[in-house]
Amino acid sequence: MSWRVRSLLVKPYGSIVDVLVEKLKTPPMRMYLRVNTVKTTPHRLVELLRERGVEAYMDEYIEEAVYTVVQGPFPLECNTDKYIVVDDKTASSLILGANLYRPGVVKSSVFSEGDKLLAVTRQGTPLACLEAVTSSKSLHKMRQGLVARSTSSPFKAPRISELDIYKQGLLYPQGYPSIVTTRVLDPRPGELIVDMNASPGGKTSHIVQLTKGGARIIAIDRSPGKIAELKNNLSHLDLDLNVIAIPHDSRYLHYDFSLLGKVDKVLIDPPCSNLGVRPRLLENRSYKDVENLSSYQRQFLKTAALIVKPGGYIVYSTCTLTLEENEENILYAVEELGLECVELPENPPYTDKTTYKGVIGYRYTPLNMDMPGHFIAVLKRPSSSS
């Protein structure tokens, strides 16, 4: 991880930043799944996973959270001069022992079926050793499908998406902080809830699950492709109940929809610098990037403050650890938008409560229970607002 990324985390973490940075380079040892309680129970899902050779346990605090165990680190052995470059999302999967599929490939050297390949990031960081099941010539004609199987990786996690119980929609792979965020939102039947950054649908489907389809949900994301992915996931889980999914820029909901002061709860999970994602393999963020993202995130907060009803709540979350994208945005919401920052009766599981110039937030970090980095804050529109 570059000195630039380190410098972005010095402000909130000071002298322990180097320990944090080293932790971010590795995956958490727990990989969480959300049990689809519409279709099965947590106890039964653990049984089904164990029957399929997956070491699985129920979380100590969140009923619908189950985790499997990540093994490693292992030495990466790959004696070959042939390589394949993958995108950022795929990189995080390959380091955990996943197989490589066509959508994740950026480019490659010339190779034949059966060749050994070294998978690398765009920056050249080694990720995994693979065995090709096709050739580079055939690869260029493919849009989908398996390209290579993993033979060696620094860590190993169960291949959940290849299990029959995944295909049956009994579970949804989801980070623990993300699961907790929806719990913090505390959705109730009968409420009108807007998910401003809804794709791929983890939190939207969780809202449906917790309310048994009783909440009215407006799920927004910018592109038709992302909305299609959201709808596919809801359908796969049989959780496409009372959800209106719309391709739209949710920063302009107050202009384009009749929602001013009508929404019970708003969930904001905006694009961010992703500096809490583990394993953190990228080095491409600058302070200017973070400044621009913070400004962009505030536009969602501004719209949320307009559409939420007096006495209604906004839950803001990111998967990053910078002060600018987290506490400073909450301070902006309080000082400039007239919202109130809410302190929860109890800290969410495994979080550290932070206070910054009078505002309160909750942070997940690798320094506490080996979690990914994540931030959650709750805001309320005062009941006296007009």
# chains A, B, ... in the order shown; residues from 1 in each chain; ligands from 1
>>> residues_around(residues="Arg143 of chain A", least_positions_apart="5", cutoff="12 Å", atoms="only C-alpha atoms", output="PyMOL selection string")
chain A and resi 101-105+138
>>> residues_around(residues="Met58 of chain A", least_positions_apart="3", cutoff="9 Å", atoms="only C-alpha atoms", output="ChimeraX atom specification")
/A:42-43,46,61-67
>>> atom_distance(atom1="atom CA of Ala128 of chain A", atom2="atom CA of Ser161 of chain A")
18.8 Å
>>> residues_around(residues="segment 287-296 of chain A", least_positions_apart="3", cutoff="7 Å", atoms="only C-alpha atoms", output="list in words")
Leu8, Cys272, Ser273, Gln299, Glu324, Glu325 and Asn329 of chain A
>>> closest_residue(among="A:Thr41, A:Thr181, A:Asn79, A:Thr151", to="Gly97 of chain A", atoms="only C-alpha atoms")
A:Thr151
